[in-house]
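Worksheet: the structure to be examined is printed underneath.
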Amino acid sequence: MAKSIIITVGREYGSGGREIAEKLAKELNIPYYDKELITRASEESGIQKGLFEKADEKASRGTMFSLGWAQTAYPGNYMYYNNDMLTNDSLFSIQAETIRRIAAEGSAVIVGRCADYLLDGNPNLLKVFIHADLSFRKRRIMRLYNVPENQVENVIKRTDRQRAKYYDFYTAQTWGEAKNYDISLNSAYFTPEGVVRILVDYAKSVLED
């Protein structure tokens, strides 16, 4: 693509948002970041990847480990500590810096992690939210992850609640609320490829403006 575009994808659990985002990046031939974002944040900060994974899309729950231990493991990263402790908020700040660097480098598709909020104001930003009917999501989660039928609804609601709490905590906005996004699609009515085609067409129309 001649002009850069950053596409952020928020998603309800089980809606297929991650799959759609990955296919979209492949279709547009641009970098894709989901768990890859955690890997990059870890590499750039020198902080253990497992700590980012533990805090991933979870609202602040306080201290992760003491600075005394962290100084030994990760010398030179003192800017990320608060009151001699590494916190979830610190990890969020590191990850936010990584997201902004990715956007500054050129086109990319970024899944979740408040990227839409962090990059708000970027003229090349397209904010997407993927949702779906609960029945569709239940069937999909049971098929993909072998979650028992009597547990799947609780799993979906717990994951959505966690993502919403994280997003609301760090953005002071409401996760999934249509006005916070440029386009919101119900994936239950399309194939993943169908959603990708809609988003590709929409992205091209944005680039032409």
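Chain labels follow the order of the structure tokens: the first chain is A, the next B, and so on; residue numbering restarts at 1 in every chain, and ligands are counted from 1 in their shown order.
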Give me the residues within 12 Å of A:Pro31 as number ranges by chain, counting only C-alpha atoms and dropping any in the same chain fewer than 3 places off.
A: 4-8, 21-28, 34, 36-37, 102-103, 105-111
What's around A:Lys165 at 8 Å? Count only C-alpha atoms, leave out sequence neighbours fewer than 4 positions away in its own chain, and write the answer as a VMD selection string.
chain A and resid 58 to 59 161 169
Return the single residue from A:Ile30, A:Leu185, A:Ile94, A:Val152 that is closest to A:Ser45, with distances computed using only C-alpha atoms.
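Nearest candidate to A:Ser45 out of A:Ile30, A:Leu185, A:Ile94, A:Val152: A:Ile94.
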Please give the complete set of residues from chain A that DSSP, run on the backbone, assigns to strand (DSSP E or B), formatted as a PyMOL selection string.
chain A and resi 6-11+32-33+63-66+82+85-87+108-111+125-131+183-186
Just how far from atom CA of A:Asp182 is atom CA of A:Leu126, in Å to one decimal?
6.3 Å
When you draw a straight line from atom CA of A:Tyr181 to atom CA of A:Lys127, how long is it in Å?
4.9 Å
Near-A:Gly50 list (10 Å; only C-alpha atoms; drop same-chain fewer than 4 positions) as a PyMOL selection string:
chain A and resi 38-39+42+54-56
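Ranking A:Thr191, A:Leu118, A:Pro148, A:Leu51 by their shortest atom-to-atom distance to A:Ala172, with only C-alpha atoms included, puts A:Leu118 first.
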Among stretch 41-197 of chain A, which residues carry a DSSP assignment of alpha helix (DSSP H), reported as an NGL selection string?
:A and (41-45 or 49-55 or 67-73 or 88-105 or 115-118 or 134-145 or 149-171 or 192-197)
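We find atom CA of A:Glu19 and atom CA of A:Arg163 to be spaced 17.3 Å apart.
Distance check against A:Gln162 using only C-alpha atoms: of A:Glu97, A:Ser187, A:Asp116, A:Tyr13, the minimum falls on A:Tyr13.
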Which residue of A:Arg40, A:Lys3, A:Arg11, A:Arg18 approaches A:His131 most closely, using only C-alpha atoms:
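Looking only at the distances to A:His131, the closest residue turns out to be A:Arg11.
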Counting only C-alpha atoms, which residue out of A:Leu119, A:Ala96, A:Cys114, A:Phe136 sits closest to A:Thr171?
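When distances to A:Thr171 are compared using only C-alpha atoms, the smallest one comes from A:Cys114.
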For A:Asn88, which of A:Gly46, A:Gly121, A:Ile183, A:Tyr170 is the closest residue, counting only C-alpha atoms?
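Ranked by minimum distance to A:Asn88, first place goes to A:Tyr170.
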